[in-house]
$ cat my_file_24.pdb   # PDB, C-alpha atoms
ATOM      1  CA  MET D 252       6.209   0.204  22.482
ATOM      2  CA  GLN D 253       6.423   3.466  24.397
ATOM      3  CA  ILE D 254       8.149   4.629  27.570
ATOM      4  CA  ASP D 255       6.791   7.791  29.190
ATOM      5  CA  GLY D 256       4.715   8.429  26.079
ATOM      6  CA  GLN D 257       7.657   8.269  23.657
ATOM      7  CA  PRO D 258       8.383   5.447  21.187
ATOM      8  CA  LEU D 259      11.288   3.350  22.422
ATOM      9  CA  GLU D 260      13.060   3.658  19.074
ATOM     10  CA  LYS D 261      13.452   7.415  19.596
ATOM     11  CA  LYS D 262      15.246   6.879  22.858
ATOM     12  CA  ARG D 263      17.612   4.065  21.998
ATOM     13  CA  LYS D 264      18.103   1.041  19.792
ATOM     14  CA  ALA D 265      16.292  -1.881  21.398
ATOM     15  CA  PRO D 266      18.120  -5.210  21.048
ATOM     16  CA  HIS D 267      15.896  -7.611  19.124
ATOM     17  CA  ARG D 268      16.498 -10.447  21.587
ATOM     18  CA  LEU D 269      15.296  -8.384  24.537
ATOM     19  CA  MET D 270      12.184  -7.225  22.704
ATOM     20  CA  GLU D 271      11.443 -10.830  21.772
ATOM     21  CA  LEU D 272      11.778 -11.849  25.410
ATOM     22  CA  LEU D 273       9.354  -9.099  26.422
ATOM     23  CA  ALA D 274       6.928 -10.215  23.714
ATOM     24  CA  ALA D 275       7.098 -13.778  25.008
ATOM     25  CA  ILE D 276       6.206 -12.600  28.515
ATOM     26  CA  VAL D 277       3.196 -10.805  27.006
ATOM     27  CA  ALA D 278       2.190 -13.815  24.903
ATOM     28  CA  TYR D 279       2.301 -16.113  27.929
ATOM     29  CA  GLY D 280      -0.127 -13.926  29.820
ATOM     30  CA  GLY D 281       2.143 -11.469  31.613
ATOM     31  CA  ILE D 282       1.357 -12.890  35.057
ATOM     32  CA  ASP D 283       3.278 -15.664  36.834
ATOM     33  CA  VAL D 284       5.065 -16.777  33.673
ATOM     34  CA  PRO D 285       7.382 -19.657  34.667
ATOM     35  CA  VAL D 286      11.027 -18.744  34.221
ATOM     36  CA  ALA D 287      11.702 -22.337  33.156
ATOM     37  CA  ARG D 288       9.290 -21.935  30.266
ATOM     38  CA  LEU D 289      11.089 -18.853  28.982
ATOM     39  CA  ILE D 290      14.483 -20.498  29.384
ATOM     40  CA  ASP D 291      13.303 -23.509  27.377
ATOM     41  CA  VAL D 292      12.213 -21.176  24.576
ATOM     42  CA  PHE D 293      15.259 -18.910  24.390
ATOM     43  CA  TRP D 294      18.128 -21.102  25.592
ATOM     44  CA  PRO D 295      17.042 -24.681  24.819
ATOM     45  CA  GLU D 296      20.572 -25.958  24.204
ATOM     46  CA  ALA D 297      22.334 -24.343  27.168
ATOM     47  CA  ASP D 298      22.967 -26.386  30.311
ATOM     48  CA  GLY D 299      21.044 -25.534  33.467
ATOM     49  CA  ASP D 300      23.510 -23.141  35.111
ATOM     50  CA  GLN D 301      24.435 -21.371  31.879
ATOM     51  CA  ALA D 302      20.790 -21.021  30.871
ATOM     52  CA  GLN D 303      19.951 -19.496  34.253
ATOM     53  CA  GLU D 304      22.846 -17.065  33.948
ATOM     54  CA  ASN D 305      21.819 -16.072  30.417
ATOM     55  CA  PHE D 306      18.290 -15.459  31.633
ATOM     56  CA  LYS D 307      19.370 -13.355  34.619
ATOM     57  CA  LYS D 308      21.535 -11.154  32.413
ATOM     58  CA  SER D 309      18.770 -10.741  29.845
ATOM     59  CA  ILE D 310      16.185  -9.763  32.461
ATOM     60  CA  ALA D 311      18.621  -7.251  33.981
ATOM     61  CA  ARG D 312      19.192  -5.704  30.545
ATOM     62  CA  LEU D 313      15.468  -5.677  29.827
ATOM     63  CA  ARG D 314      14.704  -3.929  33.115
ATOM     64  CA  LYS D 315      17.363  -1.348  32.314
ATOM     65  CA  LEU D 316      15.902  -0.866  28.856
ATOM     66  CA  LEU D 317      12.422  -0.274  30.267
ATOM     67  CA  VAL D 318      13.813   2.367  32.660
ATOM     68  CA  VAL D 319      10.827   2.112  35.043
ATOM     69  CA  ASP D 320      11.746   0.423  38.323
ATOM     70  CA  GLY D 321       9.622  -2.597  39.117
ATOM     71  CA  ALA D 322       8.127  -2.934  35.625
ATOM     72  CA  ILE D 323       9.048  -6.632  35.641
ATOM     73  CA  LEU D 324       8.525  -8.617  38.831
ATOM     74  CA  TRP D 325      10.397 -11.868  39.536
ATOM     75  CA  GLN D 326       9.277 -14.005  42.441
ATOM     76  CA  ASP D 327       9.215 -17.730  43.200
ATOM     77  CA  GLY D 328      10.553 -18.675  39.785
ATOM     78  CA  LYS D 329       7.899 -16.677  37.919
ATOM     79  CA  LEU D 330       7.836 -13.377  36.043
ATOM     80  CA  SER D 331       5.022 -10.846  35.892
ATOM     81  CA  LEU D 332       4.518  -7.483  34.267
ATOM     82  CA  ASN D 333       3.618  -4.901  36.871
ATOM     83  CA  ARG D 334       0.156  -3.862  35.649
ATOM     84  CA  GLU D 335       0.352  -0.679  37.717
ATOM     85  CA  GLN D 336       3.273   0.482  35.604
ATOM     86  CA  CYS D 337       2.779  -1.343  32.303
ATOM     87  CA  TRP D 338      -0.177  -0.935  29.957
ATOM     88  CA  VAL D 339      -0.453  -3.521  27.169
ATOM     89  CA  ASP D 340      -2.881  -2.701  24.360
ATOM     90  CA  ALA D 341      -3.357  -6.401  23.579
ATOM     91  CA  TYR D 342      -4.496  -7.112  27.136
ATOM     92  CA  THR D 343      -6.945  -4.210  27.094
ATOM     93  CA  PHE D 344      -8.246  -5.366  23.728
ATOM     94  CA  GLU D 345      -8.753  -8.896  25.046
ATOM     95  CA  ALA D 346     -10.506  -7.725  28.198
ATOM     96  CA  ASN D 347     -12.864  -5.435  26.298
ATOM     97  CA  SER D 348     -13.564  -8.128  23.704
ATOM     98  CA  LYS D 349     -14.527 -10.563  26.445
ATOM     99  CA  GLU D 350     -16.885  -7.956  27.884
ATOM    100  CA  ALA D 351     -18.517  -7.661  24.460
ATOM    101  CA  ASP D 352     -18.850 -11.449  24.275
ATOM    102  CA  LEU D 353     -20.478 -11.486  27.697
ATOM    103  CA  ARG D 354     -22.942  -8.798  26.681
ATOM    104  CA  GLU D 355     -23.924 -10.834  23.639
ATOM    105  CA  VAL D 356     -24.491 -13.977  25.726
ATOM    106  CA  THR D 357     -26.484 -12.173  28.401
ATOM    107  CA  GLY D 358     -28.370  -9.903  26.016
ATOM    108  CA  MET D 359     -26.959  -6.738  27.573
ATOM    109  CA  THR D 360     -26.495  -3.671  25.381
ATOM    110  CA  ALA D 361     -23.282  -1.727  25.007
ATOM    111  CA  ARG D 362     -22.775   1.265  27.235
ATOM    112  CA  ASP D 363     -22.007   3.395  24.196
ATOM    113  CA  GLY D 364     -22.805   3.011  20.509
ATOM    114  CA  ASN D 365     -19.139   3.539  19.633
ATOM    115  CA  GLU D 366     -17.858   1.136  22.269
ATOM    116  CA  GLU D 367     -17.025  -1.754  19.943
ATOM    117  CA  LYS D 368     -15.331   0.584  17.473
ATOM    118  CA  GLU D 369     -13.122   1.744  20.315
ATOM    119  CA  VAL D 370     -12.355  -1.893  21.087
ATOM    120  CA  ASP D 371     -11.308  -2.803  17.562
ATOM    121  CA  ALA D 372      -9.174   0.363  17.387
ATOM    122  CA  LEU D 373      -6.926  -1.250  20.007
ATOM    123  CA  TYR D 374      -6.068  -3.987  17.517
ATOM    124  CA  ARG D 375      -3.282  -2.532  15.388
ATOM    125  CA  GLY D 376      -2.374  -5.595  13.372
ATOM    126  CA  PRO D 377      -1.125  -9.135  13.912
ATOM    127  CA  PHE D 378       0.849  -9.720  17.084
ATOM    128  CA  LEU D 379       4.551  -9.386  16.132
ATOM    129  CA  GLY D 380       3.616  -8.454  12.561
ATOM    130  CA  ARG D 381       2.732 -10.312   9.375
ATOM    131  CA  SER D 382       6.024 -12.024   8.619
ATOM    132  CA  GLU D 383       7.129 -15.341  10.071
ATOM    133  CA  ILE D 384       6.966 -15.350  13.856
ATOM    134  CA  PRO D 385       8.331 -17.744  16.516
ATOM    135  CA  LEU D 386       6.226 -20.801  17.274
ATOM    136  CA  TRP D 387       5.573 -19.612  20.833
ATOM    137  CA  ALA D 388       3.776 -16.546  19.464
ATOM    138  CA  VAL D 389       1.503 -18.247  16.929
ATOM    139  CA  SER D 390      -1.322 -19.243  19.252
ATOM    140  CA  TYR D 391      -1.485 -15.801  20.857
ATOM    141  CA  GLN D 392      -1.472 -14.091  17.466
ATOM    142  CA  GLU D 393      -4.363 -16.290  16.330
ATOM    143  CA  ARG D 394      -6.281 -15.703  19.542
ATOM    144  CA  LEU D 395      -6.121 -11.944  19.122
ATOM    145  CA  ARG D 396      -7.039 -12.212  15.441
ATOM    146  CA  THR D 397     -10.056 -14.382  16.244
ATOM    147  CA  GLN D 398     -11.312 -11.867  18.777
ATOM    148  CA  PHE D 399     -10.828  -9.079  16.232
ATOM    149  CA  THR D 400     -12.856 -10.830  13.535
ATOM    150  CA  LYS D 401     -15.617 -11.732  15.989
ATOM    151  CA  LEU D 402     -16.268  -8.046  16.578
ATOM    152  CA  PHE D 403     -17.353  -7.624  12.970
ATOM    153  CA  MET D 404     -19.421 -10.793  12.914
ATOM    154  CA  ARG D 405     -21.310  -9.540  15.940
ATOM    155  CA  ARG D 406     -21.695  -6.126  14.329
ATOM    156  CA  GLU D 407     -23.272  -7.655  11.223
ATOM    157  CA  LYS D 408     -25.906  -9.400  13.332
ATOM    158  CA  ALA D 409     -26.862  -6.109  14.929
ATOM    159  CA  MET D 410     -27.016  -4.093  11.710
ATOM    160  CA  ALA D 411     -30.088  -3.670   9.556
ATOM    161  CA  GLY D 412     -29.887  -3.811   5.773
ATOM    162  CA  SER D 413     -29.492  -0.057   5.425
ATOM    163  CA  GLN D 414     -26.383  -0.200   7.596
ATOM    164  CA  ARG D 415     -24.585  -2.834   5.546
ATOM    165  CA  GLU D 416     -22.791  -0.180   3.505
ATOM    166  CA  GLN D 417     -21.141   1.137   6.646
ATOM    167  CA  LEU D 418     -20.227  -2.401   7.682
ATOM    168  CA  MET D 419     -18.523  -2.961   4.320
ATOM    169  CA  VAL D 420     -16.483   0.187   4.863
ATOM    170  CA  GLU D 421     -15.475  -0.997   8.331
ATOM    171  CA  LEU D 422     -14.549  -4.454   7.041
ATOM    172  CA  ALA D 423     -12.387  -2.924   4.326
ATOM    173  CA  ARG D 424     -10.554  -0.883   6.961
ATOM    174  CA  ALA D 425     -10.163  -3.963   9.148
ATOM    175  CA  ILE D 426      -8.595  -5.862   6.256
ATOM    176  CA  ASP D 427      -6.078  -3.046   5.855
ATOM    177  CA  VAL D 428      -5.186  -3.532   9.524
ATOM    178  CA  ASP D 429      -4.831  -7.310   9.244
ATOM    179  CA  PRO D 430      -4.840  -8.492   5.622
ATOM    180  CA  VAL D 431      -4.202 -12.091   6.690
ATOM    181  CA  ALA D 432      -7.486 -12.335   8.627
ATOM    182  CA  GLU D 433      -9.433 -14.529   6.201
ATOM    183  CA  PRO D 434     -12.730 -14.374   8.156
ATOM    184  CA  LEU D 435     -12.918 -10.667   7.288
ATOM    185  CA  TYR D 436     -12.856 -11.505   3.578
ATOM    186  CA  GLN D 437     -15.373 -14.281   4.173
ATOM    187  CA  GLN D 438     -17.688 -11.686   5.655
ATOM    188  CA  LEU D 439     -17.051  -8.830   3.224
ATOM    189  CA  ILE D 440     -17.180 -10.693  -0.090
ATOM    190  CA  PRO D 441     -20.775 -12.009   0.294
ATOM    191  CA  LEU D 442     -21.891  -8.496   1.289
ATOM    192  CA  LEU D 443     -20.332  -7.105  -1.881
ATOM    193  CA  VAL D 444     -21.967  -9.832  -3.953
ATOM    194  CA  ALA D 445     -25.361  -9.083  -2.401
ATOM    195  CA  ALA D 446     -24.847  -5.436  -3.382
ATOM    196  CA  ASN D 447     -24.053  -6.503  -6.975
ATOM    197  CA  ARG D 448     -20.488  -5.258  -6.603
ATOM    198  CA  HIS D 449     -18.989  -8.369  -8.144
ATOM    199  CA  ALA D 450     -15.807  -6.770  -9.443
ATOM    200  CA  GLU D 451     -14.941  -5.519  -5.942
ATOM    201  CA  ALA D 452     -15.749  -8.919  -4.483
ATOM    202  CA  ALA D 453     -13.411 -10.611  -6.956
ATOM    203  CA  ALA D 454     -10.713  -8.027  -6.239
ATOM    204  CA  TYR D 455     -10.910  -8.737  -2.503
ATOM    205  CA  TYR D 456     -10.636 -12.446  -3.163
ATOM    206  CA  ASP D 457      -7.492 -11.806  -5.219
ATOM    207  CA  ARG D 458      -6.100  -9.741  -2.367
ATOM    208  CA  CYS D 459      -6.921 -12.477   0.132
ATOM    209  CA  ARG D 460      -5.151 -15.059  -2.015
ATOM    210  CA  THR D 461      -2.096 -12.827  -2.435
ATOM    211  CA  GLU D 462      -1.813 -11.887   1.244
ATOM    212  CA  LEU D 463      -2.274 -15.451   2.492
ATOM    213  CA  ALA D 464       0.327 -16.770   0.053
ATOM    214  CA  ARG D 465       2.791 -14.046   1.001
ATOM    215  CA  TRP D 466       2.426 -14.017   4.771
ATOM    216  CA  ALA D 467       0.878 -17.363   5.722
ATOM    217  CA  GLY D 468       2.053 -19.654   2.932
ATOM    218  CA  ARG D 469      -1.407 -21.000   2.186
ATOM    219  CA  SER D 470      -4.435 -20.574  -0.048
ATOM    220  CA  PRO D 471      -7.925 -19.306   0.840
ATOM    221  CA  SER D 472     -10.363 -21.843   2.255
ATOM    222  CA  ALA D 473     -12.289 -24.094  -0.103
ATOM    223  CA  GLY D 474     -15.533 -22.332   0.746
ATOM    224  CA  LEU D 475     -14.167 -18.924  -0.179
ATOM    225  CA  GLN D 476     -12.651 -20.280  -3.375
ATOM    226  CA  GLU D 477     -15.981 -21.810  -4.377
ATOM    227  CA  LEU D 478     -17.865 -18.591  -3.660
ATOM    228  CA  THR D 479     -15.461 -16.526  -5.719
ATOM    229  CA  GLN D 480     -15.606 -18.989  -8.595
ATOM    230  CA  THR D 481     -19.352 -18.389  -8.856
ATOM    231  CA  ILE D 482     -18.712 -14.638  -8.892
ATOM    232  CA  ARG D 483     -16.301 -14.874 -11.817
ATOM    233  CA  LEU D 484     -18.797 -16.953 -13.804
ATOM    234  CA  ARG D 485     -21.408 -14.199 -13.682
TER     235      ARG D 485
END

$ encode --input "my_file_24.pdb" --output "structure tokens"
Amino acid sequence: MQIDGQPLEKKRKAPHRLMELLAAIVAYGGIDVPVARLIDVFWPEADGDQAQENFKKSIARLRKLLVVDGAILWQDGKLSLNREQCWVDAYTFEANSKEADLREVTGMTARDGNEEKEVDALYRGPFLGRSEIPLWAVSYQERLRTQFTKLFMRREKAMAGSQREQLMVELARAIDVDPVAEPLYQQLIPLLVAANRHAEAAAYYDRCRTELARWAGRSPSAGLQELTQTIRLR
């Protein structure tokens, strides 16, 4: 997060609770987010009056933290981020991803050959990081991740065989950005196998298994496990 082009951390220590509240506003769409919904998430055990008071104080502190007047709008029991003053990379990423989806459906071509690469550059990793996140953030994190992985699936369809090497490089970089995104491994490993790079394919499977166990508490899908088993038998 930046204010006037400078990381917030360089200006002051941001209270975790306030940053979590801001993240929740983002995750819920940033426009007309019901105050009651936020209160239910952050003060579920407080009575009505106390919960309202806690919320008012938190919003006042958050507005002060953001410095910019009018960054958060509160009207008719709903909160919105002022899009004229706040730029959210996740929202820009989503909007540009939807444009790419529309172009695919309608058969339109991209305005620029590097356009999709610029889109995926906006995705800087899982929303709120790789470690355990609040339940309210899970669906938004997965939505962003799905859009990120779709970019590479679409790219593979458009690439000829001679371009697959470049795609493998891009997939490897994407995995570094979000090592919990299993669809990226599902796409990269068969490409490595097709290129007779079995040791690399097996290594990426091992990484997938390690990352999923560490950050998501689960194992790779059955399909990916079966594919990798055939690799190891060769």

$ closest_residue --input "my_file_24.pdb" --among "D:Lys329, D:Arg375, D:Arg460, D:Arg405" --to "Tyr279 in chain D" --atoms "all atoms listed in the file"
D:Lys329

$ atom_distance --input "my_file_24.pdb" --atom1 "CA of Ala388 in chain D" --atom2 "CA of Ala275 in chain D"
7.0 Å

$ atom_distance --input "my_file_24.pdb" --atom1 "CA of Phe306 in chain D" --atom2 "CA of Ile290 in chain D"
6.7 Å

$ residues_around --input "my_file_24.pdb" --residues "range 439-452 of chain D" --least-positions-apart "2" --cutoff "10 Å" --atoms "only C-alpha atoms" --output "PDB file with C-alpha atoms, in the coordinates of the input"
ATOM      1  CA  PHE D 403     -17.353  -7.624  12.970  1.00  0.00           C
ATOM      2  CA  ARG D 415     -24.585  -2.834   5.546  1.00  0.00           C
ATOM      3  CA  GLU D 416     -22.791  -0.180   3.505  1.00  0.00           C
ATOM      4  CA  LEU D 418     -20.227  -2.401   7.682  1.00  0.00           C
ATOM      5  CA  MET D 419     -18.523  -2.961   4.320  1.00  0.00           C
ATOM      6  CA  VAL D 420     -16.483   0.187   4.863  1.00  0.00           C
ATOM      7  CA  GLU D 421     -15.475  -0.997   8.331  1.00  0.00           C
ATOM      8  CA  LEU D 422     -14.549  -4.454   7.041  1.00  0.00           C
ATOM      9  CA  ALA D 423     -12.387  -2.924   4.326  1.00  0.00           C
ATOM     10  CA  ILE D 426      -8.595  -5.862   6.256  1.00  0.00           C
ATOM     11  CA  GLU D 433      -9.433 -14.529   6.201  1.00  0.00           C
ATOM     12  CA  PRO D 434     -12.730 -14.374   8.156  1.00  0.00           C
ATOM     13  CA  LEU D 435     -12.918 -10.667   7.288  1.00  0.00           C
ATOM     14  CA  TYR D 436     -12.856 -11.505   3.578  1.00  0.00           C
ATOM     15  CA  GLN D 437     -15.373 -14.281   4.173  1.00  0.00           C
ATOM     16  CA  ALA D 454     -10.713  -8.027  -6.239  1.00  0.00           C
ATOM     17  CA  TYR D 455     -10.910  -8.737  -2.503  1.00  0.00           C
ATOM     18  CA  TYR D 456     -10.636 -12.446  -3.163  1.00  0.00           C
ATOM     19  CA  ASP D 457      -7.492 -11.806  -5.219  1.00  0.00           C
ATOM     20  CA  ARG D 458      -6.100  -9.741  -2.367  1.00  0.00           C
ATOM     21  CA  LEU D 475     -14.167 -18.924  -0.179  1.00  0.00           C
ATOM     22  CA  LEU D 478     -17.865 -18.591  -3.660  1.00  0.00           C
ATOM     23  CA  THR D 479     -15.461 -16.526  -5.719  1.00  0.00           C
ATOM     24  CA  ILE D 482     -18.712 -14.638  -8.892  1.00  0.00           C
ATOM     25  CA  ARG D 483     -16.301 -14.874 -11.817  1.00  0.00           C
ATOM     26  CA  ARG D 485     -21.408 -14.199 -13.682  1.00  0.00           C
TER      27      ARG D 485
END

$ resolve_selection --input "my_file_24.pdb" --expression "the PyMOL selection byres ((chain D and resi 383-386) around 10)" --output "number ranges by chain"
D: 271, 275, 292, 378-382, 387-392, 466-468

$ residues_around --input "my_file_24.pdb" --residues "Ile310 in chain D" --least-positions-apart "6" --cutoff "9 Å" --atoms "only C-alpha atoms" --output "short mmCIF file (atom, residue, chain, number, x, y, z; two decimals) with C-alpha atoms, in the frame of the given file"
data_model
loop_
_atom_site.label_atom_id
_atom_site.label_comp_id
_atom_site.auth_asym_id
_atom_site.auth_seq_id
_atom_site.Cartn_x
_atom_site.Cartn_y
_atom_site.Cartn_z
CA LEU D 269 15.30 -8.38 24.54
CA LEU D 272 11.78 -11.85 25.41
CA ILE D 323 9.05 -6.63 35.64
#

$ resolve_selection --input "my_file_24.pdb" --expression "the PyMOL selection byres ((chain D and resi 428) around 9)" --output "PDB file with C-alpha atoms, keeping the file's coordinate frame"
ATOM      1  CA  TYR D 374      -6.068  -3.987  17.517  1.00  0.00           C
ATOM      2  CA  ARG D 375      -3.282  -2.532  15.388  1.00  0.00           C
ATOM      3  CA  GLY D 376      -2.374  -5.595  13.372  1.00  0.00           C
ATOM      4  CA  PRO D 377      -1.125  -9.135  13.912  1.00  0.00           C
ATOM      5  CA  ALA D 423     -12.387  -2.924   4.326  1.00  0.00           C
ATOM      6  CA  ARG D 424     -10.554  -0.883   6.961  1.00  0.00           C
ATOM      7  CA  ALA D 425     -10.163  -3.963   9.148  1.00  0.00           C
ATOM      8  CA  ILE D 426      -8.595  -5.862   6.256  1.00  0.00           C
ATOM      9  CA  ASP D 427      -6.078  -3.046   5.855  1.00  0.00           C
ATOM     10  CA  ASP D 429      -4.831  -7.310   9.244  1.00  0.00           C
ATOM     11  CA  PRO D 430      -4.840  -8.492   5.622  1.00  0.00           C
TER      12      PRO D 430
END

$ atom_distance --input "my_file_24.pdb" --atom1 "CA of Val319 in chain D" --atom2 "CA of Arg288 in chain D"
24.6 Å

$ closest_residue --input "my_file_24.pdb" --among "D:Val277, D:Thr400, D:Ala297, D:Ala372" --to "Tyr342 in chain D" --atoms "all atoms listed in the file"
D:Val277

$ resolve_selection --input "my_file_24.pdb" --expression "the PyMOL selection byres ((chain D and resi 285) around 10)" --output "list in words"
Ile276, Tyr279, Ile282, Asp283, Val284, Val286, Ala287, Arg288, Leu289, Ile290, Trp325, Gln326, Asp327, Gly328, Lys329, Leu330 and Ser331 of chain D

$ decode --input "my_file_24.pdb" --residues "range 278-304 of chain D" --atoms "N, CA and C atoms" --output "CSV table (one decimal), in the first residue's frame"
chain,number,residue,atom,x,y,z
D,278,ALA,N,-12.1,-6.4,-0.5
D,278,ALA,CA,-12.6,-7.8,-0.9
D,278,ALA,C,-14.1,-7.8,-1.2
D,279,TYR,N,-14.8,-6.9,-0.5
D,279,TYR,CA,-16.2,-6.8,-0.7
D,279,TYR,C,-16.6,-5.9,-1.9
D,280,GLY,N,-15.7,-5.5,-2.7
D,280,GLY,CA,-16.0,-4.8,-3.9
D,280,GLY,C,-15.7,-3.3,-3.9
D,281,GLY,N,-15.5,-2.7,-2.7
D,281,GLY,CA,-15.1,-1.3,-2.6
D,281,GLY,C,-16.2,-0.3,-2.9
D,282,ILE,N,-17.4,-0.8,-3.3
D,282,ILE,CA,-18.4,0.2,-3.6
D,282,ILE,C,-19.7,-0.3,-2.8
D,283,ASP,N,-20.3,0.6,-2.1
D,283,ASP,CA,-21.6,0.4,-1.3
D,283,ASP,C,-21.5,-0.9,-0.5
D,284,VAL,N,-20.4,-1.0,0.2
D,284,VAL,CA,-20.2,-2.2,1.1
D,284,VAL,C,-21.1,-1.9,2.4
D,285,PRO,N,-22.0,-2.8,2.7
D,285,PRO,CA,-22.9,-2.5,3.9
D,285,PRO,C,-22.1,-2.5,5.2
D,286,VAL,N,-22.3,-1.4,5.9
D,286,VAL,CA,-21.6,-1.3,7.2
D,286,VAL,C,-21.9,-2.5,8.1
D,287,ALA,N,-23.2,-2.9,8.1
D,287,ALA,CA,-23.6,-4.1,8.9
D,287,ALA,C,-22.8,-5.3,8.6
D,288,ARG,N,-22.4,-5.5,7.4
D,288,ARG,CA,-21.6,-6.7,7.0
D,288,ARG,C,-20.2,-6.6,7.6
D,289,LEU,N,-19.6,-5.4,7.6
D,289,LEU,CA,-18.3,-5.3,8.2
D,289,LEU,C,-18.3,-5.4,9.7
D,290,ILE,N,-19.4,-4.9,10.3
D,290,ILE,CA,-19.5,-5.0,11.7
D,290,ILE,C,-19.7,-6.5,12.1
D,291,ASP,N,-20.4,-7.2,11.4
D,291,ASP,CA,-20.6,-8.7,11.7
D,291,ASP,C,-19.3,-9.4,11.6
D,292,VAL,N,-18.4,-9.0,10.7
D,292,VAL,CA,-17.1,-9.6,10.5
D,292,VAL,C,-16.2,-9.3,11.6
D,293,PHE,N,-16.1,-8.0,12.0
D,293,PHE,CA,-15.0,-7.6,12.9
D,293,PHE,C,-15.5,-7.5,14.4
D,294,TRP,N,-16.8,-7.3,14.6
D,294,TRP,CA,-17.3,-7.2,16.0
D,294,TRP,C,-18.5,-8.1,16.2
D,295,PRO,N,-18.4,-9.4,15.9
D,295,PRO,CA,-19.6,-10.2,15.9
D,295,PRO,C,-20.2,-10.4,17.3
D,296,GLU,N,-19.4,-10.2,18.4
D,296,GLU,CA,-19.9,-10.5,19.7
D,296,GLU,C,-20.3,-9.2,20.5
D,297,ALA,N,-20.0,-8.1,19.9
D,297,ALA,CA,-20.4,-6.8,20.5
D,297,ALA,C,-21.9,-6.5,20.3
D,298,ASP,N,-22.5,-5.9,21.3
D,298,ASP,CA,-23.9,-5.5,21.1
D,298,ASP,C,-24.0,-4.4,20.1
D,299,GLY,N,-25.2,-4.1,19.7
D,299,GLY,CA,-25.5,-3.2,18.6
D,299,GLY,C,-24.8,-1.8,18.7
D,300,ASP,N,-25.0,-1.2,19.9
D,300,ASP,CA,-24.5,0.2,20.1
D,300,ASP,C,-23.0,0.2,20.2
D,301,GLN,N,-22.5,-0.8,20.9
D,301,GLN,CA,-21.0,-0.9,21.1
D,301,GLN,C,-20.3,-1.2,19.7
D,302,ALA,N,-20.9,-2.1,19.0
D,302,ALA,CA,-20.4,-2.5,17.7
D,302,ALA,C,-20.3,-1.2,16.7
D,303,GLN,N,-21.4,-0.5,16.8
D,303,GLN,CA,-21.5,0.8,15.9
D,303,GLN,C,-20.4,1.7,16.4
D,304,GLU,N,-20.2,1.9,17.7
D,304,GLU,CA,-19.2,2.8,18.2
D,304,GLU,C,-17.8,2.3,17.8
